[in-house]
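File shown: entry_16.csv (CSV, C-alpha atoms).
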chain,number,residue,atom,x,y,z
S,1,MET,CA,-168.1,291.1,113.5
S,2,ASN,CA,-170.8,288.8,112.3
S,3,ARG,CA,-170.6,285.1,112.2
S,4,ARG,CA,-170.0,284.9,108.4
S,5,SER,CA,-167.0,287.2,108.6
S,6,LEU,CA,-165.7,285.3,111.6
S,7,PHE,CA,-166.0,282.0,109.7
S,8,ILE,CA,-164.2,283.4,106.7
S,9,ALA,CA,-161.4,284.7,108.9
S,10,VAL,CA,-161.0,281.4,110.7
S,11,VAL,CA,-160.9,279.5,107.3
S,12,PHE,CA,-158.3,282.0,106.0
S,13,ILE,CA,-156.1,281.6,109.0
S,14,ALA,CA,-156.3,277.8,109.0
S,15,THR,CA,-155.5,277.7,105.3
S,16,PHE,CA,-152.6,280.1,105.8
S,17,TYR,CA,-151.1,277.9,108.5
S,18,ALA,CA,-151.7,274.7,106.6
S,19,ILE,CA,-149.9,276.1,103.5
S,20,SER,CA,-147.0,277.4,105.5
S,21,ALA,CA,-146.6,274.1,107.3
S,22,LEU,CA,-146.5,272.3,103.9
S,23,ALA,CA,-144.0,274.7,102.5
S,24,GLN,CA,-141.6,274.0,105.4
S,25,VAL,CA,-141.5,270.2,104.7
S,26,PRO,CA,-139.2,269.7,101.7
S,27,ALA,CA,-140.6,267.1,99.3
S,28,ALA,CA,-138.0,264.8,97.7
S,29,PRO,CA,-138.1,265.2,93.9
S,30,PRO,CA,-139.3,262.1,92.2
S,31,LYS,CA,-136.7,259.8,90.5
S,32,ILE,CA,-136.9,260.3,86.8
S,33,ALA,CA,-136.0,257.7,84.2
S,34,PHE,CA,-135.9,257.7,80.4
S,35,ILE,CA,-136.8,254.9,78.1
S,36,ASN,CA,-136.3,254.9,74.3
S,37,THR,CA,-139.4,253.1,73.0
S,38,GLU,CA,-137.8,252.9,69.5
S,39,ALA,CA,-135.3,250.4,70.9
S,40,PHE,CA,-138.2,248.0,71.6
S,41,TYR,CA,-138.2,247.2,67.9
S,42,ASP,CA,-134.5,246.3,67.6
S,43,ASP,CA,-134.1,242.8,66.1
S,44,LYS,CA,-131.3,241.8,68.4
S,45,ALA,CA,-131.8,243.8,71.7
S,46,GLY,CA,-135.5,244.7,71.5
S,47,ILE,CA,-138.7,243.3,73.1
S,48,THR,CA,-138.9,239.8,71.8
S,49,LYS,CA,-142.7,239.6,71.6
S,50,LEU,CA,-142.9,242.9,69.8
S,51,VAL,CA,-140.2,242.2,67.3
S,52,THR,CA,-141.8,238.8,66.5
S,53,ALA,CA,-145.3,240.3,66.1
S,54,THR,CA,-143.9,243.1,63.9
S,55,LYS,CA,-142.1,240.6,61.6
S,56,GLN,CA,-145.3,238.6,61.4
S,57,LEU,CA,-147.3,241.7,60.4
S,58,ASP,CA,-144.8,242.7,57.8
S,59,ALA,CA,-144.8,239.2,56.3
S,60,GLU,CA,-148.6,239.1,56.1
S,61,PHE,CA,-148.7,242.3,54.1
S,62,ALA,CA,-145.5,241.8,52.1
S,63,THR,CA,-147.3,240.9,48.8
S,64,GLN,CA,-149.6,243.9,48.9
S,65,ILE,CA,-146.7,246.3,49.8
S,66,LYS,CA,-144.6,244.9,46.9
S,67,ALA,CA,-147.5,245.3,44.5
S,68,LEU,CA,-147.8,249.0,45.5
S,69,GLU,CA,-144.0,249.5,45.1
S,70,ASP,CA,-144.2,247.9,41.7
S,71,GLY,CA,-147.1,250.1,40.7
S,72,ASN,CA,-145.3,253.2,41.8
S,73,THR,CA,-142.3,252.1,39.7
S,74,LYS,CA,-144.6,251.7,36.7
S,75,LEU,CA,-146.1,255.1,37.3
S,76,GLN,CA,-142.7,256.7,37.4
S,77,GLY,CA,-141.9,255.0,34.1
S,78,ILE,CA,-145.1,256.5,32.6
S,79,ALA,CA,-144.2,259.9,33.9
S,80,LYS,CA,-140.7,259.6,32.2
S,81,GLU,CA,-142.3,258.5,28.9
S,82,LEU,CA,-144.6,261.5,29.0
S,83,GLU,CA,-141.7,263.8,29.7
S,84,THR,CA,-139.8,262.3,26.8
S,85,MET,CA,-142.8,262.7,24.5
S,86,GLN,CA,-143.1,266.4,25.4
S,87,LYS,CA,-139.5,267.0,24.4
S,88,LEU,CA,-140.1,265.6,20.9
S,89,PRO,CA,-140.2,268.1,18.0
S,90,GLN,CA,-143.6,269.2,17.0
S,91,ALA,CA,-143.5,267.1,13.8
S,92,GLN,CA,-142.8,263.9,15.7
S,93,PHE,CA,-145.2,264.5,18.7
S,94,ASN,CA,-148.2,262.2,18.6
S,95,GLN,CA,-151.0,263.9,20.6
S,96,VAL,CA,-153.2,260.7,20.5
S,97,ALA,CA,-150.4,258.5,22.0
S,98,TYR,CA,-149.6,261.2,24.5
S,99,THR,CA,-153.2,261.4,25.7
S,100,GLN,CA,-153.5,257.6,25.9
S,101,LYS,CA,-150.3,257.4,28.0
S,102,GLN,CA,-151.6,260.3,30.2
S,103,ASP,CA,-154.9,258.5,30.7
S,104,GLU,CA,-153.0,255.3,31.6
S,105,GLY,CA,-151.0,257.2,34.2
S,106,GLU,CA,-154.1,258.8,35.7
S,107,ARG,CA,-155.9,255.5,35.8
S,108,LEU,CA,-152.9,253.8,37.5
S,109,GLN,CA,-152.6,256.7,40.0
S,110,ARG,CA,-156.3,256.3,41.0
S,111,GLU,CA,-155.8,252.5,41.3
S,112,LEU,CA,-152.7,252.9,43.5
S,113,THR,CA,-154.3,255.5,45.7
S,114,TYR,CA,-157.3,253.1,46.3
S,115,LYS,CA,-155.0,250.2,47.0
S,116,LYS,CA,-152.9,252.2,49.3
S,117,THR,CA,-155.9,253.3,51.3
S,118,GLU,CA,-157.2,249.8,51.5
S,119,LEU,CA,-153.8,248.5,52.6
S,120,GLU,CA,-153.4,251.2,55.3
S,121,SER,CA,-156.8,250.3,56.7
S,122,ALA,CA,-156.2,246.5,56.7
S,123,TYR,CA,-152.7,247.0,58.0
S,124,GLY,CA,-153.9,249.3,60.8
S,125,LYS,CA,-156.7,246.8,61.9
S,126,ARG,CA,-154.3,243.9,61.9
S,127,ARG,CA,-151.7,245.9,63.7
S,128,ASP,CA,-154.2,246.8,66.4
S,129,ALA,CA,-155.2,243.1,66.8
S,130,LEU,CA,-151.7,241.8,66.8
S,131,ILE,CA,-149.6,244.5,68.5
S,132,GLY,CA,-152.2,246.3,70.5
S,133,PRO,CA,-152.3,243.7,73.4
S,134,ILE,CA,-148.5,243.7,73.4
S,135,SER,CA,-148.4,247.5,73.6
S,136,GLN,CA,-150.8,247.4,76.5
S,137,ASP,CA,-148.7,244.7,78.3
S,138,ILE,CA,-145.6,246.8,77.7
S,139,GLY,CA,-147.4,249.7,79.4
S,140,LYS,CA,-148.1,247.5,82.4
S,141,GLY,CA,-144.5,246.3,82.3
S,142,ILE,CA,-143.3,249.9,82.4
S,143,ASP,CA,-145.6,250.6,85.4
S,144,GLU,CA,-144.2,247.5,87.2
S,145,PHE,CA,-140.6,248.4,86.4
S,146,ALA,CA,-141.1,252.0,87.6
S,147,LYS,CA,-142.6,251.0,90.9
S,148,LYS,CA,-140.0,248.2,91.5
S,149,ASN,CA,-137.2,250.7,90.9
S,150,GLY,CA,-138.7,253.7,92.7
S,151,TYR,CA,-139.2,255.9,89.6
S,152,GLY,CA,-141.8,258.6,90.0
S,153,VAL,CA,-141.6,259.6,86.4
S,154,VAL,CA,-140.7,257.6,83.2
S,155,LEU,CA,-140.4,259.5,80.0
S,156,ASP,CA,-140.1,258.3,76.4
S,157,ILE,CA,-136.8,259.8,75.2
S,158,SER,CA,-137.6,259.1,71.5
S,159,LYS,CA,-140.4,261.6,71.8
S,160,LEU,CA,-138.5,264.1,73.8
S,161,ALA,CA,-135.1,264.0,72.1
S,162,GLN,CA,-135.3,267.6,70.7
S,163,ALA,CA,-136.7,269.0,73.9
S,164,LEU,CA,-134.0,267.6,76.3
S,165,LEU,CA,-130.9,269.6,76.7
S,166,TYR,CA,-129.1,267.2,79.0
S,167,PHE,CA,-129.7,264.0,80.9
S,168,GLY,CA,-127.2,261.8,82.6
S,169,ASP,CA,-126.3,258.3,81.3
S,170,THR,CA,-127.8,256.7,84.4
S,171,ALA,CA,-131.2,258.3,83.7
S,172,GLU,CA,-131.7,256.1,80.6
S,173,VAL,CA,-133.0,252.7,81.6
S,174,THR,CA,-134.0,251.3,78.2
S,175,LYS,CA,-131.8,248.2,78.3
S,176,GLU,CA,-132.7,247.5,81.9
S,177,PHE,CA,-136.4,247.7,81.0
S,178,ILE,CA,-136.1,245.5,78.0
S,179,THR,CA,-134.3,242.9,80.0
S,180,PHE,CA,-136.9,243.2,82.7
S,181,TYR,CA,-139.8,242.9,80.3
S,182,ASN,CA,-138.4,240.0,78.3
S,183,ALA,CA,-137.8,238.1,81.5
S,184,ARG,CA,-141.4,238.5,82.6
S,185,PRO,CA,-143.6,235.4,82.3
S,186,ALA,CA,-145.8,235.2,79.2
S,187,GLY,CA,-149.0,237.1,79.8
S,188,ALA,CA,-152.2,238.0,77.9
S,189,ALA,CA,-150.2,239.8,75.3
S,190,THR,CA,-149.5,236.8,73.0
S,191,PRO,CA,-149.9,237.6,69.3
S,192,LYS,CA,-153.1,236.3,67.6
For the structure just supplied, provide its representation as structure tokens.
Amino acid sequence: MNRRSLFIAVVFIATFYAISALAQVPAAPPKIAFINTEAFYDDKAGITKLVTATKQLDAEFATQIKALEDGNTKLQGIAKELETMQKLPQAQFNQVAYTQKQDEGERLQRELTYKKTELESAYGKRRDALIGPISQDIGKGIDEFAKKNGYGVVLDISKLAQALLYFGDTAEVTKEFITFYNARPAGAATPK
């Protein structure tokens, strides 16, 4: 047997004994907890900083959102007018008026699409600036909470709801986490 073969055999035997030694030591399964992140936004029982920032964000964009809603209502009215015009008898149908109304609807549709895109962009940027630091702080809070309570795994039940077949009542710790987080001293996650 040459040295190379001897070396491979020794490494194989050492690996075999190491694996069998590890297999004999039962590892305790990690404690698992579930948190429903949707509950963070609850007005009464949610995370105070997050609820406040979300209300501020909604208030900042309320006028633009209302304008889009009003524009959509007007567009629906134009669609109904066009539908009514199409049902008219041929003798009463005015092609010029129909075309003008159709052009008005298309123009309004383009305008609303542009405004919606602009609003989504501005809202997203402001949300990142206002709620982003809070979300990061919540992540740190979950980490602290998990370590403090000995959880090896914390899962978001709002994302897993359809995949879970069963979990015990004691596994969901949403209320406990929200209480823990709201009691923490104010940190860097203050809304701007």
Of the residues S:Phe61, S:Phe34, S:Phe93, S:Tyr151, which is the one nearest to S:Arg127, using only C-alpha atoms?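 Between S:Phe61, S:Phe34, S:Phe93, S:Tyr151, the residue approaching S:Arg127 most closely is S:Phe61.
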Which neighbours of stretch 84-87 of chain S fall inside 12 Å, counting all atoms listed in the file, when residues of the same chain fewer than 3 positions from it are skipped, and could you give them as a count of residues only? 18
How many Å lie between atom CA of S:Ile178 and atom CA of S:Lys55, rounded to one decimal?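 One can read the atom CA of S:Ile178 to atom CA of S:Lys55 distance as 18.1 Å.
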Quick check, in Å to one decimal: how far apart do atom CA of S:Phe177 and atom CA of S:Leu130 lie? 21.7 Å
What is the atom CA of S:Glu111-atom CA of S:Leu68 distance in Å, reported with one decimal? 9.7 Å
Given all atoms listed in the file as the basis, pick out the residue of S:Thr63, S:Thr37, S:Gln56, S:Gln109 nearest to S:Gln76.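 Under the stated criterion, the closest residue is S:Gln109.
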